[in-house]
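One file, upload-v2.pdb, carrying PDB, C-alpha atoms:
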ATOM      1  CA  MET A 250    -165.376  48.956 -23.632
ATOM      2  CA  THR A 251    -161.887  49.187 -25.012
ATOM      3  CA  PRO A 252    -159.637  46.178 -25.417
ATOM      4  CA  SER A 253    -157.010  45.795 -22.747
ATOM      5  CA  HIS A 254    -153.897  43.762 -22.089
ATOM      6  CA  SER A 255    -154.337  43.550 -18.306
ATOM      7  CA  ALA A 256    -154.168  40.357 -16.264
ATOM      8  CA  ASP A 257    -157.885  39.947 -17.047
ATOM      9  CA  PRO A 258    -157.950  40.597 -20.806
ATOM     10  CA  LEU A 259    -161.164  41.380 -22.606
ATOM     11  CA  PHE A 260    -160.378  38.683 -25.147
ATOM     12  CA  ARG A 261    -158.930  35.204 -25.010
ATOM     13  CA  VAL A 262    -157.409  32.908 -27.608
ATOM     14  CA  ARG A 263    -158.376  29.243 -27.544
ATOM     15  CA  PRO A 264    -158.512  26.203 -29.853
ATOM     16  CA  ALA A 265    -161.413  26.360 -32.292
ATOM     17  CA  ARG A 266    -164.360  23.997 -32.043
ATOM     18  CA  THR A 267    -166.799  22.890 -34.703
ATOM     19  CA  ALA A 268    -169.332  25.339 -33.261
ATOM     20  CA  ASP A 269    -166.923  28.154 -34.283
ATOM     21  CA  VAL A 270    -166.913  27.362 -38.009
ATOM     22  CA  ARG A 271    -169.823  29.637 -38.906
ATOM     23  CA  GLY A 272    -168.237  32.474 -36.904
ATOM     24  CA  ILE A 273    -164.951  31.927 -38.750
ATOM     25  CA  LEU A 274    -166.884  32.217 -42.029
ATOM     26  CA  GLU A 275    -168.416  35.506 -40.812
ATOM     27  CA  LEU A 276    -164.936  36.845 -40.008
ATOM     28  CA  LEU A 277    -163.653  35.708 -43.401
ATOM     29  CA  ASP A 278    -166.482  37.036 -45.585
ATOM     30  CA  PRO A 279    -165.654  40.792 -45.531
ATOM     31  CA  TRP A 280    -162.050  40.034 -46.522
ATOM     32  CA  VAL A 281    -163.213  37.720 -49.324
ATOM     33  CA  GLN A 282    -165.606  40.425 -50.573
ATOM     34  CA  ARG A 283    -162.656  42.852 -50.763
ATOM     35  CA  ARG A 284    -160.579  40.177 -52.541
ATOM     36  CA  ILE A 285    -157.912  40.246 -49.826
ATOM     37  CA  LEU A 286    -158.430  36.609 -48.807
ATOM     38  CA  LEU A 287    -159.693  33.645 -50.760
ATOM     39  CA  GLY A 288    -163.013  32.188 -49.724
ATOM     40  CA  LYS A 289    -163.251  28.775 -48.119
ATOM     41  CA  GLU A 290    -165.991  26.208 -48.398
ATOM     42  CA  VAL A 291    -167.812  25.358 -45.166
ATOM     43  CA  VAL A 292    -166.762  21.717 -45.526
ATOM     44  CA  THR A 293    -163.100  22.785 -45.800
ATOM     45  CA  LEU A 294    -163.357  24.715 -42.542
ATOM     46  CA  PHE A 295    -164.961  21.757 -40.770
ATOM     47  CA  GLU A 296    -162.228  19.465 -42.119
ATOM     48  CA  SER A 297    -159.503  21.777 -40.826
ATOM     49  CA  VAL A 298    -161.111  23.132 -37.635
ATOM     50  CA  GLN A 299    -158.410  21.443 -35.520
ATOM     51  CA  GLU A 300    -155.828  23.725 -37.184
ATOM     52  CA  PHE A 301    -157.602  26.892 -35.978
ATOM     53  CA  VAL A 302    -157.456  29.000 -32.873
ATOM     54  CA  VAL A 303    -160.019  31.720 -32.284
ATOM     55  CA  ALA A 304    -160.005  34.926 -30.284
ATOM     56  CA  GLU A 305    -163.235  35.711 -28.509
ATOM     57  CA  ALA A 306    -164.550  38.593 -26.456
ATOM     58  CA  GLN A 307    -167.761  38.344 -24.480
ATOM     59  CA  GLY A 308    -168.703  35.131 -26.283
ATOM     60  CA  ARG A 309    -168.214  36.632 -29.770
ATOM     61  CA  LEU A 310    -165.469  35.617 -32.210
ATOM     62  CA  ILE A 311    -163.205  38.579 -32.961
ATOM     63  CA  GLY A 312    -160.345  36.795 -34.709
ATOM     64  CA  CYS A 313    -158.953  33.509 -35.936
ATOM     65  CA  GLY A 314    -155.904  31.893 -37.431
ATOM     66  CA  ALA A 315    -154.761  28.436 -38.442
ATOM     67  CA  LEU A 316    -151.545  26.436 -38.353
ATOM     68  CA  HIS A 317    -151.177  24.038 -41.249
ATOM     69  CA  VAL A 318    -148.304  21.534 -41.220
ATOM     70  CA  ILE A 319    -146.502  21.486 -44.563
ATOM     71  CA  TRP A 320    -143.522  19.242 -43.759
ATOM     72  CA  GLU A 321    -141.769  17.714 -40.751
ATOM     73  CA  ASP A 322    -140.119  21.012 -39.815
ATOM     74  CA  LEU A 323    -142.388  23.510 -41.564
ATOM     75  CA  GLY A 324    -145.836  24.936 -40.908
ATOM     76  CA  GLU A 325    -147.911  27.745 -42.343
ATOM     77  CA  VAL A 326    -149.872  30.467 -40.564
ATOM     78  CA  ARG A 327    -153.143  30.636 -42.506
ATOM     79  CA  THR A 328    -156.416  32.542 -42.450
ATOM     80  CA  LEU A 329    -155.261  35.102 -39.878
ATOM     81  CA  ILE A 330    -158.215  37.455 -39.445
ATOM     82  CA  VAL A 331    -159.125  40.075 -36.863
ATOM     83  CA  SER A 332    -162.478  41.851 -36.953
ATOM     84  CA  GLU A 333    -162.205  45.502 -37.949
ATOM     85  CA  GLU A 334    -163.168  46.921 -34.546
ATOM     86  CA  TRP A 335    -160.441  44.864 -32.841
ATOM     87  CA  LEU A 336    -157.573  45.732 -35.183
ATOM     88  CA  HIS A 337    -154.513  47.222 -33.423
ATOM     89  CA  HIS A 338    -155.490  45.853 -30.000
ATOM     90  CA  GLY A 339    -153.118  42.883 -29.844
ATOM     91  CA  VAL A 340    -155.560  40.259 -31.086
ATOM     92  CA  GLY A 341    -153.561  39.301 -34.186
ATOM     93  CA  GLY A 342    -150.336  39.125 -32.196
ATOM     94  CA  ALA A 343    -151.981  36.923 -29.568
ATOM     95  CA  ILE A 344    -153.291  34.582 -32.271
ATOM     96  CA  VAL A 345    -149.859  34.295 -33.918
ATOM     97  CA  GLU A 346    -148.283  33.669 -30.504
ATOM     98  CA  LYS A 347    -150.736  30.816 -29.842
ATOM     99  CA  LEU A 348    -150.061  29.360 -33.309
ATOM    100  CA  GLU A 349    -146.314  29.521 -32.639
ATOM    101  CA  GLU A 350    -146.853  27.624 -29.377
ATOM    102  CA  ARG A 351    -148.769  24.952 -31.281
ATOM    103  CA  ALA A 352    -145.971  24.794 -33.870
ATOM    104  CA  GLN A 353    -143.452  24.293 -31.066
ATOM    105  CA  ASP A 354    -145.576  21.547 -29.537
ATOM    106  CA  LEU A 355    -145.562  19.788 -32.917
ATOM    107  CA  GLY A 356    -141.775  20.110 -33.231
ATOM    108  CA  LEU A 357    -141.797  22.522 -36.160
ATOM    109  CA  SER A 358    -138.735  24.728 -36.578
ATOM    110  CA  ARG A 359    -140.016  27.116 -39.278
ATOM    111  CA  LEU A 360    -143.250  28.979 -39.982
ATOM    112  CA  PHE A 361    -144.313  30.317 -43.366
ATOM    113  CA  CYS A 362    -146.949  32.900 -44.235
ATOM    114  CA  LEU A 363    -148.213  34.525 -47.414
ATOM    115  CA  THR A 364    -149.353  38.011 -46.552
ATOM    116  CA  PHE A 365    -150.075  41.612 -47.452
ATOM    117  CA  GLU A 366    -149.321  42.507 -43.790
ATOM    118  CA  VAL A 367    -145.528  42.509 -44.096
ATOM    119  CA  ASP A 368    -144.915  44.962 -41.224
ATOM    120  CA  PHE A 369    -147.102  42.961 -38.829
ATOM    121  CA  PHE A 370    -145.230  39.721 -39.547
ATOM    122  CA  THR A 371    -141.809  41.424 -39.624
ATOM    123  CA  ARG A 372    -142.423  42.680 -36.068
ATOM    124  CA  ARG A 373    -142.965  39.026 -35.094
ATOM    125  CA  GLY A 374    -139.696  37.778 -36.561
ATOM    126  CA  PHE A 375    -140.794  36.760 -40.061
ATOM    127  CA  ALA A 376    -138.674  37.784 -43.050
ATOM    128  CA  PRO A 377    -139.365  37.766 -46.802
ATOM    129  CA  ILE A 378    -138.059  34.662 -48.534
ATOM    130  CA  GLY A 379    -136.714  33.783 -51.949
ATOM    131  CA  GLU A 380    -137.420  30.713 -53.993
ATOM    132  CA  GLN A 381    -135.330  27.880 -52.476
ATOM    133  CA  VAL A 382    -136.641  27.272 -48.966
ATOM    134  CA  VAL A 383    -136.590  23.473 -48.963
ATOM    135  CA  ASP A 384    -134.105  21.032 -50.417
ATOM    136  CA  PRO A 385    -134.856  19.401 -53.802
ATOM    137  CA  ASP A 386    -136.013  16.079 -52.291
ATOM    138  CA  VAL A 387    -138.559  17.806 -50.055
ATOM    139  CA  TYR A 388    -139.608  20.034 -52.952
ATOM    140  CA  SER A 389    -140.372  16.983 -55.109
ATOM    141  CA  GLN A 390    -142.483  15.500 -52.296
ATOM    142  CA  LEU A 391    -144.354  18.756 -51.707
ATOM    143  CA  LEU A 392    -145.202  18.940 -55.416
ATOM    144  CA  ARG A 393    -147.442  15.907 -54.811
ATOM    145  CA  SER A 394    -149.648  17.772 -52.341
ATOM    146  CA  PRO A 395    -153.105  18.786 -53.607
ATOM    147  CA  ASP A 396    -153.167  21.641 -51.051
ATOM    148  CA  GLU A 397    -153.222  25.105 -52.678
ATOM    149  CA  GLY A 398    -151.354  26.569 -49.687
ATOM    150  CA  VAL A 399    -148.448  24.234 -50.357
ATOM    151  CA  ALA A 400    -148.510  25.346 -54.005
ATOM    152  CA  GLU A 401    -148.387  28.965 -52.782
ATOM    153  CA  PHE A 402    -145.448  28.121 -50.521
ATOM    154  CA  LEU A 403    -143.639  26.567 -53.486
ATOM    155  CA  ASP A 404    -144.545  29.649 -55.552
ATOM    156  CA  LEU A 405    -145.958  27.515 -58.375
ATOM    157  CA  ALA A 406    -147.163  29.281 -61.515
ATOM    158  CA  HIS A 407    -150.787  28.050 -61.321
ATOM    159  CA  VAL A 408    -151.368  29.879 -58.015
ATOM    160  CA  LYS A 409    -149.765  33.171 -59.061
ATOM    161  CA  PRO A 410    -153.138  34.896 -59.709
ATOM    162  CA  ASN A 411    -154.080  34.124 -56.055
ATOM    163  CA  THR A 412    -150.826  35.470 -54.658
ATOM    164  CA  LEU A 413    -150.351  38.737 -56.554
ATOM    165  CA  GLY A 414    -149.168  41.445 -54.187
ATOM    166  CA  ASN A 415    -148.592  39.019 -51.326
ATOM    167  CA  THR A 416    -145.193  38.520 -49.728
ATOM    168  CA  ARG A 417    -143.902  35.059 -48.889
ATOM    169  CA  MET A 418    -142.341  35.188 -45.393
ATOM    170  CA  LEU A 419    -140.609  32.728 -43.089
ATOM    171  CA  LYS A 420    -139.717  32.621 -39.408
ATOM    172  CA  SER A 421    -137.241  30.285 -37.759
ATOM    173  CA  LEU A 422    -138.223  28.961 -34.354
ATOM    174  CA  GLN A 423    -135.394  28.474 -31.877
ATOM    175  CA  ALA A 424    -134.885  25.072 -30.241
ATOM    176  CA  ARG A 425    -135.902  24.855 -26.568
ATOM    177  CA  PRO A 426    -133.606  23.118 -24.064
ATOM    178  CA  ASP A 427    -136.001  20.129 -24.138
ATOM    179  CA  GLY A 428    -135.368  19.813 -27.883
ATOM    180  CA  SER A 429    -138.667  21.280 -29.042
ATOM    181  CA  ALA A 430    -138.896  24.544 -30.977
ATOM    182  CA  ASP A 431    -139.097  27.952 -29.279
ATOM    183  CA  ALA A 432    -140.253  31.090 -31.071
ATOM    184  CA  GLY A 433    -137.344  33.398 -31.662
ATOM    185  CA  ALA A 434    -136.523  36.260 -33.937
TER     186      ALA A 434
END
Before anything else, please render the file you have as C-alpha coordinates.
Amino acid sequence: MTPSHSADPLFRVRPARTADVRGILELLDPWVQRRILLGKEVVTLFESVQEFVVAEAQGRLIGCGALHVIWEDLGEVRTLIVSEEWLHHGVGGAIVEKLEERAQDLGLSRLFCLTFEVDFFTRRGFAPIGEQVVDPDVYSQLLRSPDEGVAEFLDLAHVKPNTLGNTRMLKSLQARPDGSADAGA
(Lines of atoms letter the chains of each structure in order from A and count residues from 1; the text may use other names and numbers.)
(Lines give C-alpha, C1' and ligand atoms only; values in the text may rest on other atoms or scores of the structure.)
Protein backbone atom coordinates (compact mmCIF):
# COMPACT_ATOMS: atom_id res chain seq x y z
CA MET A 1 0.00 0.00 0.00
CA THR A 2 1.18 3.49 -0.74
CA PRO A 3 0.37 6.44 1.48
CA SER A 4 -2.40 8.66 0.21
CA HIS A 5 -3.91 12.04 0.95
CA SER A 6 -7.49 11.11 0.03
CA ALA A 7 -10.54 11.75 2.19
CA ASP A 8 -9.75 8.40 3.86
CA PRO A 9 -6.01 8.74 4.53
CA LEU A 10 -3.88 5.74 5.31
CA PHE A 11 -2.51 7.53 8.36
CA ARG A 12 -3.96 9.74 11.04
CA VAL A 13 -2.43 12.15 13.54
CA ARG A 14 -3.75 12.11 17.09
CA PRO A 15 -2.67 13.06 20.63
CA ALA A 16 -0.18 10.61 22.11
CA ARG A 17 -1.09 8.33 24.98
CA THR A 18 1.12 6.65 27.54
CA ALA A 19 0.79 3.42 25.57
CA ASP A 20 2.61 5.19 22.69
CA VAL A 21 5.81 5.94 24.62
CA ARG A 22 7.61 2.73 23.68
CA GLY A 23 6.67 3.26 20.02
CA ILE A 24 8.02 6.82 20.20
CA LEU A 25 11.28 5.38 21.55
CA GLU A 26 11.40 2.93 18.62
CA LEU A 27 10.94 5.82 16.17
CA LEU A 28 13.63 7.83 17.95
CA ASP A 29 16.30 5.12 18.26
CA PRO A 30 17.54 4.98 14.62
CA TRP A 31 18.00 8.77 14.62
CA VAL A 32 19.85 8.64 17.95
CA GLN A 33 22.11 5.87 16.59
CA ARG A 34 22.99 8.13 13.64
CA ARG A 35 23.59 11.04 16.05
CA ILE A 36 20.93 13.17 14.35
CA LEU A 37 18.72 13.42 17.44
CA LEU A 38 19.55 13.22 21.11
CA GLY A 39 18.24 10.24 23.02
CA LYS A 40 15.54 10.61 25.64
CA GLU A 41 15.04 8.65 28.81
CA VAL A 42 11.82 6.64 29.03
CA VAL A 43 10.80 8.59 32.14
CA THR A 44 11.24 11.87 30.24
CA LEU A 45 8.90 10.67 27.50
CA PHE A 46 6.28 9.60 30.04
CA GLU A 47 6.58 12.97 31.78
CA SER A 48 6.05 14.83 28.50
CA VAL A 49 3.64 12.48 26.68
CA GLN A 50 0.92 15.17 26.76
CA GLU A 51 3.15 17.33 24.52
CA PHE A 52 3.24 14.68 21.76
CA VAL A 53 1.09 13.84 18.80
CA VAL A 54 1.65 10.63 16.88
CA ALA A 55 0.92 9.57 13.33
CA GLU A 56 -0.28 6.01 12.94
CA ALA A 57 -1.10 3.74 10.04
CA GLN A 58 -2.86 0.44 10.52
CA GLY A 59 -2.27 0.59 14.27
CA ARG A 60 1.49 1.21 13.93
CA LEU A 61 3.26 4.45 14.87
CA ILE A 62 4.89 6.00 11.81
CA GLY A 63 5.73 9.44 13.19
CA CYS A 64 5.63 11.76 16.16
CA GLY A 65 6.29 15.30 17.25
CA ALA A 66 5.94 17.39 20.38
CA LEU A 67 4.97 20.95 21.25
CA HIS A 68 6.80 22.32 24.26
CA VAL A 69 5.73 25.68 25.70
CA ILE A 70 8.73 27.91 26.34
CA TRP A 71 7.02 31.20 27.26
CA GLU A 72 3.58 32.80 27.16
CA ASP A 73 3.79 33.44 23.41
CA LEU A 74 6.43 30.91 22.37
CA GLY A 75 6.51 27.16 21.84
CA GLU A 76 8.96 24.70 20.36
CA VAL A 77 8.38 21.89 17.87
CA ARG A 78 10.43 19.01 19.28
CA THR A 79 11.23 15.40 18.46
CA LEU A 80 9.68 15.49 14.98
CA ILE A 81 10.27 12.02 13.55
CA VAL A 82 8.84 10.13 10.59
CA SER A 83 9.74 6.49 9.96
CA GLU A 84 11.96 6.01 6.92
CA GLU A 85 9.34 4.23 4.79
CA TRP A 86 6.87 7.10 5.32
CA LEU A 87 9.21 9.98 4.50
CA HIS A 88 7.93 12.29 1.72
CA HIS A 89 4.30 11.18 2.11
CA GLY A 90 2.97 14.15 4.07
CA VAL A 91 3.33 12.64 7.53
CA GLY A 92 5.77 15.25 8.85
CA GLY A 93 3.68 18.09 7.45
CA ALA A 94 0.53 16.66 9.03
CA ILE A 95 2.29 16.38 12.40
CA VAL A 96 3.54 19.98 12.24
CA GLU A 97 0.05 21.14 11.24
CA LYS A 98 -1.45 19.39 14.28
CA LEU A 99 1.23 20.90 16.54
CA GLU A 100 0.46 24.35 15.13
CA GLU A 101 -3.23 23.82 15.92
CA ARG A 102 -2.31 22.92 19.49
CA ALA A 103 -0.10 26.02 19.70
CA GLN A 104 -3.03 28.14 18.52
CA ASP A 105 -5.32 26.55 21.09
CA LEU A 106 -2.79 27.50 23.78
CA GLY A 107 -2.59 31.09 22.53
CA LEU A 108 1.01 30.92 21.32
CA SER A 109 2.02 33.37 18.61
CA ARG A 110 5.45 31.96 17.70
CA LEU A 111 6.95 28.51 17.16
CA PHE A 112 10.64 27.67 17.36
CA CYS A 113 12.51 24.64 16.06
CA LEU A 114 16.12 23.51 15.99
CA THR A 115 16.62 21.44 12.89
CA PHE A 116 18.78 20.00 10.14
CA GLU A 117 15.64 19.96 7.92
CA VAL A 118 15.73 23.64 6.95
CA ASP A 119 13.89 23.20 3.62
CA PHE A 120 11.06 21.23 5.26
CA PHE A 121 10.47 23.93 7.89
CA THR A 122 10.97 26.80 5.41
CA ARG A 123 8.13 25.38 3.29
CA ARG A 124 5.95 25.61 6.42
CA GLY A 125 6.70 29.26 7.10
CA PHE A 126 9.66 28.98 9.48
CA ALA A 127 12.70 31.20 8.94
CA PRO A 128 16.23 31.10 10.38
CA ILE A 129 16.67 33.37 13.38
CA GLY A 130 19.47 35.38 14.92
CA GLU A 131 20.32 35.76 18.55
CA GLN A 132 17.79 38.23 20.02
CA VAL A 133 14.37 36.60 19.79
CA VAL A 134 13.01 37.58 23.20
CA ASP A 135 13.36 40.77 25.18
CA PRO A 136 15.98 40.95 27.97
CA ASP A 137 13.45 40.43 30.80
CA VAL A 138 12.12 37.24 29.22
CA TYR A 139 15.67 36.12 28.46
CA SER A 140 16.64 36.45 32.13
CA GLN A 141 13.60 34.38 33.14
CA LEU A 142 14.31 31.70 30.54
CA LEU A 143 17.88 31.39 31.83
CA ARG A 144 16.35 29.90 34.99
CA SER A 145 14.83 26.96 33.12
CA PRO A 146 16.56 23.59 33.59
CA ASP A 147 15.20 22.45 30.20
CA GLU A 148 17.95 21.79 27.62
CA GLY A 149 15.58 22.78 24.80
CA VAL A 150 15.22 26.24 26.30
CA ALA A 151 19.02 26.45 26.52
CA GLU A 152 19.16 25.50 22.82
CA PHE A 153 16.59 28.19 22.01
CA LEU A 154 18.71 30.74 23.88
CA ASP A 155 21.78 29.43 22.03
CA LEU A 156 23.73 29.01 25.28
CA ALA A 157 27.36 27.89 25.05
CA HIS A 158 26.93 24.69 27.12
CA VAL A 159 24.53 23.20 24.55
CA LYS A 160 26.59 24.08 21.47
CA PRO A 161 27.99 20.53 21.07
CA ASN A 162 24.36 19.27 20.84
CA THR A 163 23.36 21.85 18.25
CA LEU A 164 26.27 21.79 15.79
CA GLY A 165 24.96 21.91 12.24
CA ASN A 166 21.39 22.63 13.33
CA THR A 167 19.54 25.77 12.30
CA ARG A 168 17.46 27.73 14.78
CA MET A 169 14.16 28.67 13.08
CA LEU A 170 11.04 30.59 14.06
CA LYS A 171 7.52 30.92 12.70
CA SER A 172 5.02 33.62 13.57
CA LEU A 173 1.42 32.50 13.92
CA GLN A 174 -1.22 34.96 12.75
CA ALA A 175 -3.98 36.04 15.14
CA ARG A 176 -7.43 34.57 14.42
CA PRO A 177 -10.51 36.82 14.52
CA ASP A 178 -11.37 35.27 17.91
CA GLY A 179 -8.03 36.51 19.24
CA SER A 180 -6.25 33.16 19.23
CA ALA A 181 -3.27 32.43 16.98
CA ASP A 182 -3.63 31.16 13.41
CA ALA A 183 -0.77 29.55 11.49
CA GLY A 184 0.44 31.86 8.79
CA ALA A 185 3.54 32.28 6.72
- Can you turn the PyMOL selection byres ((chain A and resi 267) around 12) into a concrete residue list for this file, as a list in words? Pro264, Ala265, Arg266, Ala268, Asp269, Val270, Arg271, Gly272, Ile273, Leu274, Val291, Val292, Thr293, Leu294, Phe295, Glu296, Ser297, Val298, Gln299, Glu300, Phe301, Val302 and Val303 of chain A
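Of the listed residues (A:Ser421, A:Ser332, A:Ser394, A:Thr364), A:Ser332 comes nearest to A:Glu275; the distances count all atoms listed in the file.
Relative to atom CA of A:Cys362, atom CA of A:Glu321 is found at 16.4 Å.
For the choices A:Glu333, A:Asp322, A:Asp368, A:Glu397, the atom-to-atom distance to A:Val383 is smallest for A:Asp322 when using all atoms listed in the file.
Taking atom CA of A:Leu310 and atom CA of A:Leu355 as endpoints, the distance between them is 25.4 Å.
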- Could you tell me which residues the PyMOL selection byres ((chain A and resi 326) around 6) grabs in this file, written as number ranges by chain? A: 315-316, 325, 327, 362
